[in-house]
Amino acid sequence: MSMEDQTSIKRLPPLSQWSLPGLGLLKGLVVTGKNMVQSFYREDRMTTVQYPEERAPISPNFRNFPFLVYDNDDSLAGLRCVACSICEKECPPQCIYIVLERDENGKSLKRPKIFDIDVSVCMNCGICAEVCPFDAIYMDGEYELSTDNRFEGLLFHRERLAKSAAYHAKLRPEQAAEVEARRKAEEEKKLAAQAAKEAKAKADKEAKDKAAAETEQKGESA
Amino acid sequence: MISDPSMFSSSPTLEPGADDDQLLRVSLGPQHPSTHGVFRMNVVLDGETVVSLKPVFGYLHRNHEKIAENATYLSSMPYTDRLDYICPLSNNWAYAHAVEKLAGIEVPERAEFMRVITAELTRLINHTAFMGFILGDMGAWGSALMYAFREREKILDVFEDLTGARMMANFMRFGGCRNDLPAGWAAKVSVLIDGYGPFLDEMEKLLIGNEILLGRTQDVGALPKEVLINGGITGPMLRAAGVNYDIRKVEPYGIYERFEFRIPLGEKGDCYDRIMIRFLEMRESLKILRQAIDQLPEGDFIHPKAKIRNFKPPVGEAYARIEGPKGELGFHLISDGTTNPYRYRVRPPSFINLTLLEDMCLGLDLADVVIILGSIDIVLGEVDR
């Protein structure tokens with residue numbers, strides 16, 4: 001390696017060679033004294049926030065435990081979650097437990113019967129929100145969650161986890177707006193696809209009918 | 001070493017034939033997570049002089065490597081935050097770097113810049129916290145630590161804006177970063193690094209000329225270069241002894257080749273050099289940060305084809321390393337083509353730097369042991385894993 005890449009430390013001589021020991025200590029004391037005085041008048045040094053009377057603003061990216069998003073007004077039927085269990089699989093501490101709801105014939109209803117998050121295990125990493133393909137789970141900013149029951153109180157069921165899309169929009173406006181636009185576009189695409197499919201089916205049927213009629217005619221003429 | 005039963009026994013045993021009456025066994029160690037972690041040294045003393053020192057660790061063992069083998073690649077990313085919890089973002093980078101090498105993923109330019117910025121800020125955090133901790137170990141529990149943590153807090157605030165968490169960032173992804181820089185973030189960092197120089201000046205004024213610090217650190221715990229190299233010591237510990245070895249220069253990763261910076265080197269490798277070298281490294285980090293912030297390009301923060309769900313790297317093996325704030329941090333991964341790694345191994349700098357602790361301490365006073373331990377700059381989350 002070349003010499004230009006390096007720089008070396010300037011070592012002070014050992015203490016035994018000093019002519020006036022004590023000066024360094026005094027210099028240090030000046031620094032601490034200055035800091036002490038500054039802490040009384042400098043705005044940027046007075047950082048104490050008198051919680052709970054006042055609260056520090058939380059950063060827009062701040063994440064705590066996850067919550068489930070629902071559309072419309074029904075907090076359980078409106079859940080976006082389809083119980084696909086991707087988050088359950090990717091969750092690093094395995095704190096999510098999902099059971100799919102089925103009707104009496106065993107057919108999937110595409111919604112969770114049980115959706116539990118053990119927040120005493122959750123490590124707030126946000127991977128569930130990241131892997132969810134249905135925009136159904138996001139990270140919350142709520143942090144006052146103390147409870148006197150450390151077992152049931154810290155096991156959040158879907159009723160507790162469900163929060164409205166409006167709450168999400170209030171918490172993370174940018175993200176929610178983006179998600180909303182994407183969902184809307186997808187919805188429209190889906191509708192368009194369905195309309196196209198119907199139109200195609202109709203056209204096919206007409207063509208088939210026509211063909212059938214023609215063969216019939218041919219048969220008659222023959 | 002493994003065959004020596006005293007290493008694992010609950011009470012220190014003496015060498016056979018030693019004069020038992022004259023020697024004192026002390027169970028010593030930082031026992032609180034707020035210092036370095038939970039660690040114990042079985043020390044045998046002759047008066048005040050250390051005769052033997054056996055480290056006992058594993059109190060913070062969390063089975064990180066085995067858990068990672070039973071989880072998907074992405075699931076291990078938040079666990080890497082908790083290895084060396086002072087500097088989560090360098091750990092993220094090392095792991096992402098290893099997976100990218102394994103799967104052959106490209107990283108967009110902007111993401112590389114974001115990685116350099118966050119990693120260098122992490123280096124600032126680590127070295128600043130180190131100053132506080134080592135002064136605490138020397139008995140100056142208070143001022144230096146509080147000043148250091150005041151500045152550290154400013155960087156953590158920036159991290160919270162970016163990643164959503166102060167310490168447990170979980171920010172890097174295979175092929176980039178999780179989210180883009182929030183609006184105004186680069187300007188905030190720019191202000192922060194402008195204010196960091198004056199803080200370092202202040203800290204140097206407080207510490208460098210201090211007679212107590214000089215008296216307690218000069219010529220304490222030095223080892224010859226050859227011993228350090230043979231022991232696999234890396235990072236500031238090695239460079240303090242004058243060995244020019246920095247992975248950012250010898251095996252550049254990311255985009256470090258583009259930046260101008262120097263590698264500070266020490267002379268003797270004693271505790272004094274180890275403290276001073278960290279001051280100089282912070283100055284160099286500030287230079288890198290300034291260049292990176294000024295050159296920050298627009299573009300993707302993650303490769304558009306990066307896979308988040310159902311990520312399966314091809315069968316193979318990769319070892320990737322970065323220059324972490326504490327030394328060479330490497331990840332060795334073996335893939336069998338499934339969603340989980342077949343083998344996941346961490347090369348933690350703190351743990352390997354700790355292996356020469358006894359050699360450094362023998363023949364010194366008991367009070368020096370604490371400083372030497374502090375100067376190695378260990379975090380037990382990484383040592384025990």
# chains A, B, ... in the order shown; residues from 1 in each chain; ligands from 1
>>> residues_around(residues="region 118-125 of chain A", least_positions_apart="5", cutoff="6 Å", atoms="only C-alpha atoms", output="ChimeraX atom specification")
/A:64-65,95,154-155
>>> write_last_selection(atoms="C-alpha atoms", output="PDB file, in the first residue's frame")
ATOM      1  CA  ASN A  64     -43.498  -0.139  16.401  1.00  0.00           C
ATOM      2  CA  PHE A  65     -45.807  -3.152  16.378  1.00  0.00           C
ATOM      3  CA  CYS A  95     -44.618 -14.189  16.556  1.00  0.00           C
ATOM      4  CA  LEU A 154     -49.555  -8.695  25.158  1.00  0.00           C
ATOM      5  CA  LEU A 155     -51.164 -11.186  22.810  1.00  0.00           C
TER       6      LEU A 155
END
>>> select_by_dssp(residues="region 189-369 of chain B", states="strand (DSSP E or B)", output="PDB file with N, CA, C and O atoms, in the first residue's frame")
ATOM      1  N   ILE B 263      -5.571   6.157   5.915  1.00  0.00           N
ATOM      2  CA  ILE B 263      -5.668   5.179   6.988  1.00  0.00           C
ATOM      3  C   ILE B 263      -4.746   5.627   8.120  1.00  0.00           C
ATOM      4  O   ILE B 263      -3.529   5.672   7.945  1.00  0.00           O
ATOM      5  N   PRO B 264      -5.286   5.986   9.262  1.00  0.00           N
ATOM      6  CA  PRO B 264      -4.429   6.391  10.373  1.00  0.00           C
ATOM      7  C   PRO B 264      -3.675   5.180  10.939  1.00  0.00           C
ATOM      8  O   PRO B 264      -4.241   4.094  11.050  1.00  0.00           O
ATOM      9  N   LEU B 265      -2.426   5.394  11.268  1.00  0.00           N
ATOM     10  CA  LEU B 265      -1.630   4.309  11.830  1.00  0.00           C
ATOM     11  C   LEU B 265      -0.998   4.754  13.141  1.00  0.00           C
ATOM     12  O   LEU B 265      -0.594   5.902  13.293  1.00  0.00           O
ATOM     13  N   ILE B 302     -33.077   0.490  -4.618  1.00  0.00           N
ATOM     14  CA  ILE B 302     -32.954  -0.970  -4.607  1.00  0.00           C
ATOM     15  C   ILE B 302     -33.032  -1.452  -6.042  1.00  0.00           C
ATOM     16  O   ILE B 302     -33.663  -0.807  -6.886  1.00  0.00           O
ATOM     17  N   GLY B 316     -24.284 -22.668  -3.799  1.00  0.00           N
ATOM     18  CA  GLY B 316     -22.931 -22.123  -3.818  1.00  0.00           C
ATOM     19  C   GLY B 316     -22.494 -21.689  -2.442  1.00  0.00           C
ATOM     20  O   GLY B 316     -23.155 -21.961  -1.438  1.00  0.00           O
ATOM     21  N   GLU B 317     -21.386 -20.977  -2.421  1.00  0.00           N
ATOM     22  CA  GLU B 317     -20.751 -20.627  -1.169  1.00  0.00           C
ATOM     23  C   GLU B 317     -20.134 -19.248  -1.342  1.00  0.00           C
ATOM     24  O   GLU B 317     -19.603 -18.938  -2.409  1.00  0.00           O
ATOM     25  N   ALA B 318     -20.224 -18.406  -0.321  1.00  0.00           N
ATOM     26  CA  ALA B 318     -19.619 -17.082  -0.450  1.00  0.00           C
ATOM     27  C   ALA B 318     -19.148 -16.594   0.909  1.00  0.00           C
ATOM     28  O   ALA B 318     -19.796 -16.833   1.932  1.00  0.00           O
ATOM     29  N   TYR B 319     -18.013 -15.919   0.897  1.00  0.00           N
ATOM     30  CA  TYR B 319     -17.552 -15.224   2.091  1.00  0.00           C
ATOM     31  C   TYR B 319     -17.333 -13.777   1.702  1.00  0.00           C
ATOM     32  O   TYR B 319     -16.619 -13.490   0.747  1.00  0.00           O
ATOM     33  N   ALA B 320     -17.996 -12.873   2.406  1.00  0.00           N
ATOM     34  CA  ALA B 320     -17.807 -11.460   2.108  1.00  0.00           C
ATOM     35  C   ALA B 320     -17.465 -10.748   3.391  1.00  0.00           C
ATOM     36  O   ALA B 320     -17.953 -11.111   4.465  1.00  0.00           O
ATOM     37  N   ARG B 321     -16.618  -9.754   3.295  1.00  0.00           N
ATOM     38  CA  ARG B 321     -16.188  -9.064   4.507  1.00  0.00           C
ATOM     39  C   ARG B 321     -16.202  -7.566   4.275  1.00  0.00           C
ATOM     40  O   ARG B 321     -16.032  -7.089   3.157  1.00  0.00           O
ATOM     41  N   ILE B 322     -16.394  -6.837   5.339  1.00  0.00           N
ATOM     42  CA  ILE B 322     -16.295  -5.388   5.274  1.00  0.00           C
ATOM     43  C   ILE B 322     -15.430  -4.922   6.440  1.00  0.00           C
ATOM     44  O   ILE B 322     -15.180  -5.678   7.379  1.00  0.00           O
ATOM     45  N   GLU B 323     -14.994  -3.691   6.349  1.00  0.00           N
ATOM     46  CA  GLU B 323     -14.253  -3.115   7.457  1.00  0.00           C
ATOM     47  C   GLU B 323     -15.272  -2.524   8.420  1.00  0.00           C
ATOM     48  O   GLU B 323     -15.710  -1.393   8.257  1.00  0.00           O
ATOM     49  N   GLY B 324     -15.657  -3.296   9.388  1.00  0.00           N
ATOM     50  CA  GLY B 324     -16.571  -2.787  10.407  1.00  0.00           C
ATOM     51  C   GLY B 324     -15.827  -1.828  11.310  1.00  0.00           C
ATOM     52  O   GLY B 324     -14.597  -1.751  11.267  1.00  0.00           O
ATOM     53  N   GLY B 327     -13.384  -3.941  13.238  1.00  0.00           N
ATOM     54  CA  GLY B 327     -12.448  -4.802  12.532  1.00  0.00           C
ATOM     55  C   GLY B 327     -13.139  -5.516  11.403  1.00  0.00           C
ATOM     56  O   GLY B 327     -14.200  -5.102  10.954  1.00  0.00           O
ATOM     57  N   GLU B 328     -12.523  -6.601  10.957  1.00  0.00           N
ATOM     58  CA  GLU B 328     -13.077  -7.314   9.810  1.00  0.00           C
ATOM     59  C   GLU B 328     -14.331  -8.059  10.213  1.00  0.00           C
ATOM     60  O   GLU B 328     -14.295  -8.968  11.032  1.00  0.00           O
ATOM     61  N   LEU B 329     -15.450  -7.651   9.617  1.00  0.00           N
ATOM     62  CA  LEU B 329     -16.708  -8.341   9.881  1.00  0.00           C
ATOM     63  C   LEU B 329     -17.066  -9.118   8.634  1.00  0.00           C
ATOM     64  O   LEU B 329     -17.258  -8.548   7.563  1.00  0.00           O
ATOM     65  N   GLY B 330     -17.130 -10.431   8.763  1.00  0.00           N
ATOM     66  CA  GLY B 330     -17.386 -11.250   7.584  1.00  0.00           C
ATOM     67  C   GLY B 330     -18.544 -12.197   7.797  1.00  0.00           C
ATOM     68  O   GLY B 330     -18.859 -12.580   8.921  1.00  0.00           O
ATOM     69  N   PHE B 331     -19.190 -12.554   6.704  1.00  0.00           N
ATOM     70  CA  PHE B 331     -20.261 -13.546   6.749  1.00  0.00           C
ATOM     71  C   PHE B 331     -19.925 -14.635   5.749  1.00  0.00           C
ATOM     72  O   PHE B 331     -19.574 -14.351   4.609  1.00  0.00           O
ATOM     73  N   HIS B 332     -20.002 -15.872   6.190  1.00  0.00           N
ATOM     74  CA  HIS B 332     -19.767 -17.004   5.303  1.00  0.00           C
ATOM     75  C   HIS B 332     -21.088 -17.744   5.142  1.00  0.00           C
ATOM     76  O   HIS B 332     -21.673 -18.188   6.131  1.00  0.00           O
ATOM     77  N   LEU B 333     -21.548 -17.832   3.911  1.00  0.00           N
ATOM     78  CA  LEU B 333     -22.842 -18.455   3.660  1.00  0.00           C
ATOM     79  C   LEU B 333     -22.673 -19.622   2.704  1.00  0.00           C
ATOM     80  O   LEU B 333     -21.917 -19.530   1.730  1.00  0.00           O
ATOM     81  N   ILE B 334     -23.369 -20.707   2.994  1.00  0.00           N
ATOM     82  CA  ILE B 334     -23.434 -21.816   2.044  1.00  0.00           C
ATOM     83  C   ILE B 334     -24.899 -22.013   1.703  1.00  0.00           C
ATOM     84  O   ILE B 334     -25.736 -22.140   2.597  1.00  0.00           O
ATOM     85  N   SER B 335     -25.187 -22.003   0.411  1.00  0.00           N
ATOM     86  CA  SER B 335     -26.568 -22.139  -0.021  1.00  0.00           C
ATOM     87  C   SER B 335     -26.766 -23.506  -0.647  1.00  0.00           C
ATOM     88  O   SER B 335     -25.913 -23.993  -1.386  1.00  0.00           O
ATOM     89  N   PRO B 341     -30.448 -20.591   4.413  1.00  0.00           N
ATOM     90  CA  PRO B 341     -29.045 -20.942   4.197  1.00  0.00           C
ATOM     91  C   PRO B 341     -28.726 -22.298   4.811  1.00  0.00           C
ATOM     92  O   PRO B 341     -29.261 -22.654   5.860  1.00  0.00           O
ATOM     93  N   TYR B 342     -27.851 -23.040   4.130  1.00  0.00           N
ATOM     94  CA  TYR B 342     -27.436 -24.341   4.674  1.00  0.00           C
ATOM     95  C   TYR B 342     -26.464 -24.123   5.826  1.00  0.00           C
ATOM     96  O   TYR B 342     -26.502 -24.814   6.831  1.00  0.00           O
ATOM     97  N   ARG B 343     -25.566 -23.167   5.647  1.00  0.00           N
ATOM     98  CA  ARG B 343     -24.647 -22.830   6.727  1.00  0.00           C
ATOM     99  C   ARG B 343     -24.504 -21.320   6.748  1.00  0.00           C
ATOM    100  O   ARG B 343     -24.462 -20.674   5.695  1.00  0.00           O
ATOM    101  N   TYR B 344     -24.448 -20.775   7.934  1.00  0.00           N
ATOM    102  CA  TYR B 344     -24.400 -19.326   8.113  1.00  0.00           C
ATOM    103  C   TYR B 344     -23.376 -19.083   9.208  1.00  0.00           C
ATOM    104  O   TYR B 344     -23.542 -19.578  10.320  1.00  0.00           O
ATOM    105  N   ARG B 345     -22.331 -18.398   8.867  1.00  0.00           N
ATOM    106  CA  ARG B 345     -21.268 -18.241   9.858  1.00  0.00           C
ATOM    107  C   ARG B 345     -20.873 -16.765   9.908  1.00  0.00           C
ATOM    108  O   ARG B 345     -20.749 -16.113   8.872  1.00  0.00           O
ATOM    109  N   VAL B 346     -20.700 -16.251  11.105  1.00  0.00           N
ATOM    110  CA  VAL B 346     -20.281 -14.866  11.270  1.00  0.00           C
ATOM    111  C   VAL B 346     -18.831 -14.861  11.724  1.00  0.00           C
ATOM    112  O   VAL B 346     -18.442 -15.653  12.581  1.00  0.00           O
ATOM    113  N   ARG B 347     -18.058 -13.961  11.145  1.00  0.00           N
ATOM    114  CA  ARG B 347     -16.698 -13.755  11.652  1.00  0.00           C
ATOM    115  C   ARG B 347     -16.717 -12.432  12.418  1.00  0.00           C
ATOM    116  O   ARG B 347     -16.645 -11.358  11.837  1.00  0.00           O
ATOM    117  N   ASP B 365      -0.878  -4.527  36.089  1.00  0.00           N
ATOM    118  CA  ASP B 365      -1.703  -4.406  37.287  1.00  0.00           C
ATOM    119  C   ASP B 365      -3.160  -4.730  36.960  1.00  0.00           C
ATOM    120  O   ASP B 365      -3.583  -4.667  35.816  1.00  0.00           O
TER     121      ASP B 365
END
>>> closest_residue(among="A:Ser85, A:Ser146, A:Gln50, A:Thr215", to="chain B", atoms="only C-alpha atoms")
A:Ser85
>>> closest_residue(among="A:Ile117, A:Val69, A:Cys87, A:Val37", to="Ala166 (chain A)", atoms="only C-alpha atoms")
A:Val69
>>> atom_distance(atom1="CA of Val31 (chain A)", atom2="CA of Val191 (chain B)")
22.7 Å
>>> interface_residues(of="chain A", to="chain B", cutoff="6 Å", atoms="only C-alpha atoms", output="list in words")
Asp5, Gln6, Thr7, Ser8, Ile9, Gly24, Leu25, Gly28, Ser59, Asn61, Phe62, Arg63 and Pro92 of chain A
>>> atom_distance(atom1="CA of Leu124 (chain B)", atom2="CA of Ile127 (chain A)")
27.4 Å
>>> atom_distance(atom1="CA of Ile247 (chain B)", atom2="CA of Leu296 (chain B)")
22.6 Å
>>> closest_residue(among="A:Pro112, A:Gly126, A:Gly106, A:Leu100", to="Pro66 (chain A)", atoms="only C-alpha atoms")
A:Gly126
>>> closest_residue(among="B:Ile233, B:Asp201, B:Ile293, B:Glu257", to="Lys188 (chain B)", atoms="only C-alpha atoms")
B:Ile293
>>> decode(residues="region 85-147 of chain A", atoms="C-alpha atoms", output="PDB file, in the first residue's frame")
ATOM      1  CA  SER A  85     -49.425 -16.779   5.770  1.00  0.00           C
ATOM      2  CA  ILE A  86     -46.505 -15.176   3.945  1.00  0.00           C
ATOM      3  CA  CYS A  87     -45.826 -12.872   6.906  1.00  0.00           C
ATOM      4  CA  GLU A  88     -46.121 -15.820   9.281  1.00  0.00           C
ATOM      5  CA  LYS A  89     -43.416 -17.610   7.328  1.00  0.00           C
ATOM      6  CA  GLU A  90     -41.092 -14.618   6.988  1.00  0.00           C
ATOM      7  CA  CYS A  91     -41.476 -13.296  10.544  1.00  0.00           C
ATOM      8  CA  PRO A  92     -38.013 -13.632  12.103  1.00  0.00           C
ATOM      9  CA  PRO A  93     -39.090 -14.351  15.712  1.00  0.00           C
ATOM     10  CA  GLN A  94     -42.185 -16.280  14.554  1.00  0.00           C
ATOM     11  CA  CYS A  95     -44.618 -14.189  16.556  1.00  0.00           C
ATOM     12  CA  ILE A  96     -47.530 -14.313  14.080  1.00  0.00           C
ATOM     13  CA  TYR A  97     -50.144 -17.055  14.214  1.00  0.00           C
ATOM     14  CA  ILE A  98     -52.745 -17.300  11.450  1.00  0.00           C
ATOM     15  CA  VAL A  99     -55.627 -19.697  10.866  1.00  0.00           C
ATOM     16  CA  LEU A 100     -57.569 -19.472   7.626  1.00  0.00           C
ATOM     17  CA  GLU A 101     -61.353 -19.283   7.869  1.00  0.00           C
ATOM     18  CA  ARG A 102     -63.241 -21.940   5.890  1.00  0.00           C
ATOM     19  CA  ASP A 103     -66.905 -22.505   5.262  1.00  0.00           C
ATOM     20  CA  GLU A 104     -68.662 -25.781   6.187  1.00  0.00           C
ATOM     21  CA  ASN A 105     -67.549 -27.425   2.907  1.00  0.00           C
ATOM     22  CA  GLY A 106     -63.922 -26.686   3.677  1.00  0.00           C
ATOM     23  CA  LYS A 107     -63.666 -24.001   1.038  1.00  0.00           C
ATOM     24  CA  SER A 108     -61.372 -21.075   1.815  1.00  0.00           C
ATOM     25  CA  LEU A 109     -63.120 -17.810   2.631  1.00  0.00           C
ATOM     26  CA  LYS A 110     -59.859 -15.868   2.114  1.00  0.00           C
ATOM     27  CA  ARG A 111     -59.875 -14.221   5.495  1.00  0.00           C
ATOM     28  CA  PRO A 112     -58.264 -15.055   8.816  1.00  0.00           C
ATOM     29  CA  LYS A 113     -60.231 -16.894  11.489  1.00  0.00           C
ATOM     30  CA  ILE A 114     -57.396 -16.266  13.938  1.00  0.00           C
ATOM     31  CA  PHE A 115     -54.719 -13.623  13.477  1.00  0.00           C
ATOM     32  CA  ASP A 116     -52.602 -13.242  16.590  1.00  0.00           C
ATOM     33  CA  ILE A 117     -49.411 -11.307  17.149  1.00  0.00           C
ATOM     34  CA  ASP A 118     -47.511 -11.854  20.360  1.00  0.00           C
ATOM     35  CA  VAL A 119     -46.028  -8.404  20.853  1.00  0.00           C
ATOM     36  CA  SER A 120     -43.873  -9.607  23.727  1.00  0.00           C
ATOM     37  CA  VAL A 121     -41.987 -11.588  21.059  1.00  0.00           C
ATOM     38  CA  CYS A 122     -42.278  -9.163  18.149  1.00  0.00           C
ATOM     39  CA  MET A 123     -39.059  -7.297  17.403  1.00  0.00           C
ATOM     40  CA  ASN A 124     -40.563  -4.452  15.355  1.00  0.00           C
ATOM     41  CA  CYS A 125     -38.481  -5.276  12.297  1.00  0.00           C
ATOM     42  CA  GLY A 126     -41.223  -4.487   9.778  1.00  0.00           C
ATOM     43  CA  ILE A 127     -40.602  -7.486   7.546  1.00  0.00           C
ATOM     44  CA  CYS A 128     -44.275  -8.552   7.718  1.00  0.00           C
ATOM     45  CA  ALA A 129     -45.337  -5.204   6.293  1.00  0.00           C
ATOM     46  CA  GLU A 130     -42.683  -5.435   3.623  1.00  0.00           C
ATOM     47  CA  VAL A 131     -43.497  -8.903   2.328  1.00  0.00           C
ATOM     48  CA  CYS A 132     -47.289  -8.538   2.387  1.00  0.00           C
ATOM     49  CA  PRO A 133     -48.541  -8.576  -1.235  1.00  0.00           C
ATOM     50  CA  PHE A 134     -52.030  -7.404  -0.218  1.00  0.00           C
ATOM     51  CA  ASP A 135     -51.116  -4.165   1.615  1.00  0.00           C
ATOM     52  CA  ALA A 136     -52.879  -5.650   4.612  1.00  0.00           C
ATOM     53  CA  ILE A 137     -50.340  -5.204   7.400  1.00  0.00           C
ATOM     54  CA  TYR A 138     -48.368  -2.101   8.330  1.00  0.00           C
ATOM     55  CA  MET A 139     -46.234  -0.905  11.193  1.00  0.00           C
ATOM     56  CA  ASP A 140     -47.924   1.176  13.845  1.00  0.00           C
ATOM     57  CA  GLY A 141     -46.542   4.240  15.588  1.00  0.00           C
ATOM     58  CA  GLU A 142     -48.378   3.717  18.851  1.00  0.00           C
ATOM     59  CA  TYR A 143     -46.028   3.230  21.789  1.00  0.00           C
ATOM     60  CA  GLU A 144     -48.059   3.536  24.972  1.00  0.00           C
ATOM     61  CA  LEU A 145     -48.987  -0.091  25.329  1.00  0.00           C
ATOM     62  CA  SER A 146     -48.263  -0.944  28.937  1.00  0.00           C
ATOM     63  CA  THR A 147     -50.577  -3.464  30.489  1.00  0.00           C
TER      64      THR A 147
END
